[in-house]
Structures are given as structure tokens and as C-alpha cells.
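Structure file entry.cif (mmCIF, C-alpha atoms) is printed below.
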```
data_coords
loop_
_atom_site.label_atom_id
_atom_site.label_comp_id
_atom_site.auth_asym_id
_atom_site.auth_seq_id
_atom_site.Cartn_x
_atom_site.Cartn_y
_atom_site.Cartn_z
CA MET A 1 -44.40 -32.40 46.11
CA ARG A 2 -42.56 -34.78 43.78
CA ASN A 3 -45.84 -35.66 42.12
CA GLU A 4 -46.34 -31.97 41.38
CA GLY A 5 -42.81 -31.80 39.99
CA SER A 6 -43.62 -34.66 37.62
CA ARG A 7 -46.68 -32.79 36.35
CA TRP A 8 -44.62 -29.66 35.73
CA PHE A 9 -41.87 -31.60 33.97
CA SER A 10 -44.41 -33.30 31.73
CA GLU A 11 -45.75 -29.90 30.74
CA ALA A 12 -42.19 -28.62 30.14
CA LEU A 13 -41.61 -31.43 27.65
CA TRP A 14 -44.94 -30.60 25.98
CA ASP A 15 -43.93 -26.95 25.66
CA LEU A 16 -40.58 -27.91 24.16
CA ASP A 17 -42.37 -30.06 21.57
CA THR A 18 -44.71 -27.13 20.90
CA ALA A 19 -41.70 -24.83 20.38
CA GLU A 20 -40.34 -27.24 17.79
CA ILE A 21 -43.71 -27.43 16.00
CA LEU A 22 -43.97 -23.64 15.94
CA HIS A 23 -40.42 -23.39 14.64
CA ASN A 24 -41.24 -25.78 11.80
CA GLU A 25 -44.24 -23.59 10.95
CA LYS A 26 -42.01 -20.47 10.95
CA ARG A 27 -43.82 -19.01 13.97
CA TYR A 28 -40.48 -18.03 15.47
CA ASN A 29 -41.59 -15.54 18.09
CA ALA A 30 -44.18 -17.96 19.50
CA ALA A 31 -41.59 -20.75 19.42
CA ALA A 32 -39.21 -18.53 21.41
CA PHE A 33 -41.87 -17.97 24.05
CA CYS A 34 -42.63 -21.70 24.25
CA ALA A 35 -38.91 -22.44 24.63
CA HIS A 36 -38.85 -20.06 27.59
CA GLN A 37 -41.94 -21.72 29.03
CA ALA A 38 -40.37 -25.15 28.67
CA ALA A 39 -37.28 -24.08 30.59
CA GLU A 40 -39.30 -22.24 33.24
CA LYS A 41 -41.53 -25.25 33.88
CA ALA A 42 -38.58 -27.65 33.94
CA VAL A 43 -36.84 -25.59 36.62
CA LYS A 44 -40.09 -25.28 38.56
CA ALA A 45 -40.34 -29.08 38.41
CA LEU A 46 -36.87 -29.27 39.98
CA LEU A 47 -37.90 -26.87 42.72
CA TYR A 48 -40.96 -28.97 43.51
CA TYR A 49 -38.71 -32.02 43.59
CA VAL A 50 -36.57 -30.41 46.32
CA ASN A 51 -39.69 -29.35 48.28
CA GLU A 52 -39.71 -25.70 47.25
CA VAL A 53 -42.77 -23.91 45.94
CA PRO A 54 -41.66 -22.03 42.80
CA TRP A 55 -42.80 -18.47 42.17
CA GLY A 56 -41.95 -16.15 39.34
CA TYR A 57 -41.15 -16.39 35.66
CA SER A 58 -37.43 -15.74 35.39
CA VAL A 59 -35.58 -18.93 34.49
CA ARG A 60 -32.39 -17.38 35.89
CA VAL A 61 -33.92 -16.51 39.27
CA LEU A 62 -35.61 -19.90 39.54
CA LEU A 63 -32.33 -21.66 38.74
CA GLU A 64 -30.48 -19.60 41.34
CA ARG A 65 -33.05 -20.69 43.94
CA CYS A 66 -32.63 -24.29 42.88
CA PHE A 67 -28.83 -24.19 43.16
CA ARG A 68 -29.07 -22.51 46.58
CA LYS A 69 -31.51 -25.16 47.78
CA ILE A 70 -29.19 -28.02 46.82
CA GLY A 71 -26.13 -26.17 48.15
CA ARG A 72 -24.19 -25.89 44.91
CA ASP A 73 -22.70 -23.02 42.97
CA PRO A 74 -24.66 -22.22 39.82
CA ASP A 75 -23.37 -23.73 36.60
CA GLU A 76 -22.16 -20.76 34.54
CA GLU A 77 -23.21 -22.14 31.14
CA LEU A 78 -26.65 -23.02 32.42
CA MET A 79 -27.02 -19.55 33.91
CA ARG A 80 -25.93 -17.97 30.60
CA LEU A 81 -28.63 -19.93 28.78
CA ALA A 82 -31.20 -18.97 31.41
CA ARG A 83 -30.37 -15.27 30.96
CA GLU A 84 -30.74 -15.64 27.20
CA LEU A 85 -34.14 -17.29 27.53
CA ASP A 86 -35.31 -14.57 29.93
CA ARG A 87 -34.46 -11.93 27.31
CA HIS A 88 -37.20 -13.36 25.10
CA TYR A 89 -39.99 -13.60 27.68
CA ILE A 90 -41.63 -10.28 26.79
CA PRO A 91 -40.22 -9.27 23.36
CA SER A 92 -41.42 -12.51 21.78
CA ARG A 93 -45.03 -11.55 22.52
CA TYR A 94 -45.57 -7.80 22.80
CA PRO A 95 -45.31 -5.25 19.96
CA ASN A 96 -44.44 -2.42 22.37
CA ALA A 97 -41.14 -4.17 23.12
CA TYR A 98 -39.95 -2.77 19.76
CA PRO A 99 -39.75 0.76 18.38
CA ALA A 100 -41.56 -0.41 15.23
CA GLY A 101 -43.04 -3.59 13.84
CA THR A 102 -44.21 -6.68 15.66
CA PRO A 103 -42.64 -9.64 17.44
CA HIS A 104 -43.36 -11.98 14.54
CA GLU A 105 -41.38 -9.64 12.27
CA ALA A 106 -38.47 -9.43 14.71
CA TYR A 107 -37.84 -13.17 15.06
CA ASP A 108 -36.32 -15.50 12.52
CA ALA A 109 -34.98 -19.05 12.33
CA ARG A 110 -31.46 -17.97 13.28
CA ILE A 111 -32.56 -16.49 16.59
CA LEU A 112 -34.58 -19.52 17.49
CA LEU A 113 -32.10 -22.18 16.42
CA GLU A 114 -28.81 -20.63 17.48
CA VAL A 115 -29.93 -18.87 20.63
CA LEU A 116 -32.80 -20.89 22.01
CA LEU A 117 -33.31 -24.44 20.77
CA LYS A 118 -29.78 -25.70 20.04
CA PRO A 119 -28.49 -24.87 23.54
CA LEU A 120 -31.48 -26.65 25.08
CA GLU A 121 -30.71 -29.83 23.16
CA GLY A 122 -27.11 -30.03 24.42
#
```

Let me see whether you can do it: turn the structure in this file into C-alpha cells.
Amino acid sequence: MRNEGSRWFSEALWDLDTAEILHNEKRYNAAAFCAHQAAEKAVKALLYYVNEVPWGYSVRVLLERCFRKIGRDPDEELMRLARELDRHYIPSRYPNAYPAGTPHEAYDARILLEVLLKPLEG
């Protein structure tokens, strides 16, 4: 399953690069979704690495499974970042997540840089 984990990690890096490209093009809502995808795929790669088949889309839930599998308590900062990413899974894409307007109107550079991309770089 480690080979599968490598494939997922490669795609996670690709998605992170895509998030940065979309950010540079001011496509902030799509960049937020790609940032979530990058984290989700990176954690799924870890789960494959420890011989677990990952299911689901919540970065937080996937991370909790990973920590349980390796027998460690979850890192609080990592879990905080995972919760933040999960908050953008649906609102970054669907207009009915808002009372008015669209996702591309709701996202700006501040949200993407301060909440999503900067924490992932650290």
C-alpha cells in the first residue's frame, strides 16, 4: 500500500501547486477547495502508508484515524488547521452555502492566505 500512498502524496503536492496558481489568478474560492484537497490527499497518503484504506473527505476525521493507527495523541495545532480546512470544503464551491451571492464573491486573498495557505507552509 506504500506505492498507493506515494501516488496520493504526489497528487497532494499537485493540488497544493494548483491552489497557489489559482490564488495568483485571484480564483480564491477554487484555491481554497484545492488547498483542502491537498491536505485530504496528503493525509490519505499517510493512511495508505500505515496500511489503512482511507475513506471520507474530512481532513480532521482522516487525521484522527491516522493518529489512532500510530498510537499517538492528535497534535492540537494540526487538528485546528484540519478543522479550518474542512470548513471550506462545501462553501468554497456551492452558492447555496450562502444566503446571497456566490462562493467566488465570498472569498478573498485574506481568507486564502491567512487561513489556508500560510498555515500549510509552516

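For the structure in this document, the set picked by the PyMOL selection byres ((chain A and resi 59-63) around 6) is Glu40, Ser58, Glu64, Arg65, Cys66, Ala82 and Arg83 of chain A.
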
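For the structure shown here, the set of residues caught by the PyMOL selection byres ((chain A and resi 49) around 9) is Met1, Arg2, Asn3, Glu4, Gly5, Ser6, Lys44, Ala45, Leu46, Leu47, Tyr48, Val50, Asn51 and Glu52 of chain A.
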
Chain and number of each residue from the PyMOL selection byres ((chain A and resi 27) around 12), as a list in words =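 Evaluating the PyMOL selection byres ((chain A and resi 27) around 12) on this file yields Thr18, Ala19, Glu20, Ile21, Leu22, His23, Asn24, Glu25, Lys26, Tyr28, Asn29, Ala30, Ala31, Ala32, Phe33, Cys34, Ser92, Arg93, Pro103, His104, Glu105, Ala106, Tyr107, Asp108, Ala109, Ile111 and Leu112 of chain A.
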
Go ahead and save the residues from that selection, with C-alpha atoms, as a PDB file, in the frame of the given file.
```
ATOM      1  CA  THR A  18     -44.710 -27.130  20.900  1.00  0.00           C
ATOM      2  CA  ALA A  19     -41.700 -24.830  20.380  1.00  0.00           C
ATOM      3  CA  GLU A  20     -40.340 -27.240  17.790  1.00  0.00           C
ATOM      4  CA  ILE A  21     -43.710 -27.430  16.000  1.00  0.00           C
ATOM      5  CA  LEU A  22     -43.970 -23.640  15.940  1.00  0.00           C
ATOM      6  CA  HIS A  23     -40.420 -23.390  14.640  1.00  0.00           C
ATOM      7  CA  ASN A  24     -41.240 -25.780  11.800  1.00  0.00           C
ATOM      8  CA  GLU A  25     -44.240 -23.590  10.950  1.00  0.00           C
ATOM      9  CA  LYS A  26     -42.010 -20.470  10.950  1.00  0.00           C
ATOM     10  CA  TYR A  28     -40.480 -18.030  15.470  1.00  0.00           C
ATOM     11  CA  ASN A  29     -41.590 -15.540  18.090  1.00  0.00           C
ATOM     12  CA  ALA A  30     -44.180 -17.960  19.500  1.00  0.00           C
ATOM     13  CA  ALA A  31     -41.590 -20.750  19.420  1.00  0.00           C
ATOM     14  CA  ALA A  32     -39.210 -18.530  21.410  1.00  0.00           C
ATOM     15  CA  PHE A  33     -41.870 -17.970  24.050  1.00  0.00           C
ATOM     16  CA  CYS A  34     -42.630 -21.700  24.250  1.00  0.00           C
ATOM     17  CA  SER A  92     -41.420 -12.510  21.780  1.00  0.00           C
ATOM     18  CA  ARG A  93     -45.030 -11.550  22.520  1.00  0.00           C
ATOM     19  CA  PRO A 103     -42.640  -9.640  17.440  1.00  0.00           C
ATOM     20  CA  HIS A 104     -43.360 -11.980  14.540  1.00  0.00           C
ATOM     21  CA  GLU A 105     -41.380  -9.640  12.270  1.00  0.00           C
ATOM     22  CA  ALA A 106     -38.470  -9.430  14.710  1.00  0.00           C
ATOM     23  CA  TYR A 107     -37.840 -13.170  15.060  1.00  0.00           C
ATOM     24  CA  ASP A 108     -36.320 -15.500  12.520  1.00  0.00           C
ATOM     25  CA  ALA A 109     -34.980 -19.050  12.330  1.00  0.00           C
ATOM     26  CA  ILE A 111     -32.560 -16.490  16.590  1.00  0.00           C
ATOM     27  CA  LEU A 112     -34.580 -19.520  17.490  1.00  0.00           C
TER      28      LEU A 112
END
```

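In this structure, atom CA of Ala35 of chain A sits 9.9 Å away from atom CA of Leu13 of chain A.
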
Once 8 Å is added on each side, what are the centre and the three edge lengths, in Å to one decimal, of the axis-aligned box enclosing the listed atoms of segment 30-47 of chain A? Present them as AutoDock Vina command-line options.
```
--center_x -40.5 --center_y -23.6 --center_z 31.1 --size_x 23.3 --size_y 27.3 --size_z 39.3
```

message = Restricting the calculation to only C-alpha atoms: of A:Lys69, A:Arg80, A:Arg110, A:His88, which residue gets closest to Tyr57 of chain A?
response = A:His88

task = Would you mind reading off the distance between atom CA of Asp15 of chain A and atom CA of Pro99 of chain A, one decimal, in Å?
result =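 Answer for the atom CA of Asp15 of chain A to atom CA of Pro99 of chain A separation: 29.0 Å.
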
key: Straight-line distance linking atom CA of Leu113 of chain A with atom CA of Asp17 of chain A, stated in Å to one decimal   =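 That distance, rounded to one decimal, is 13.9 Å.
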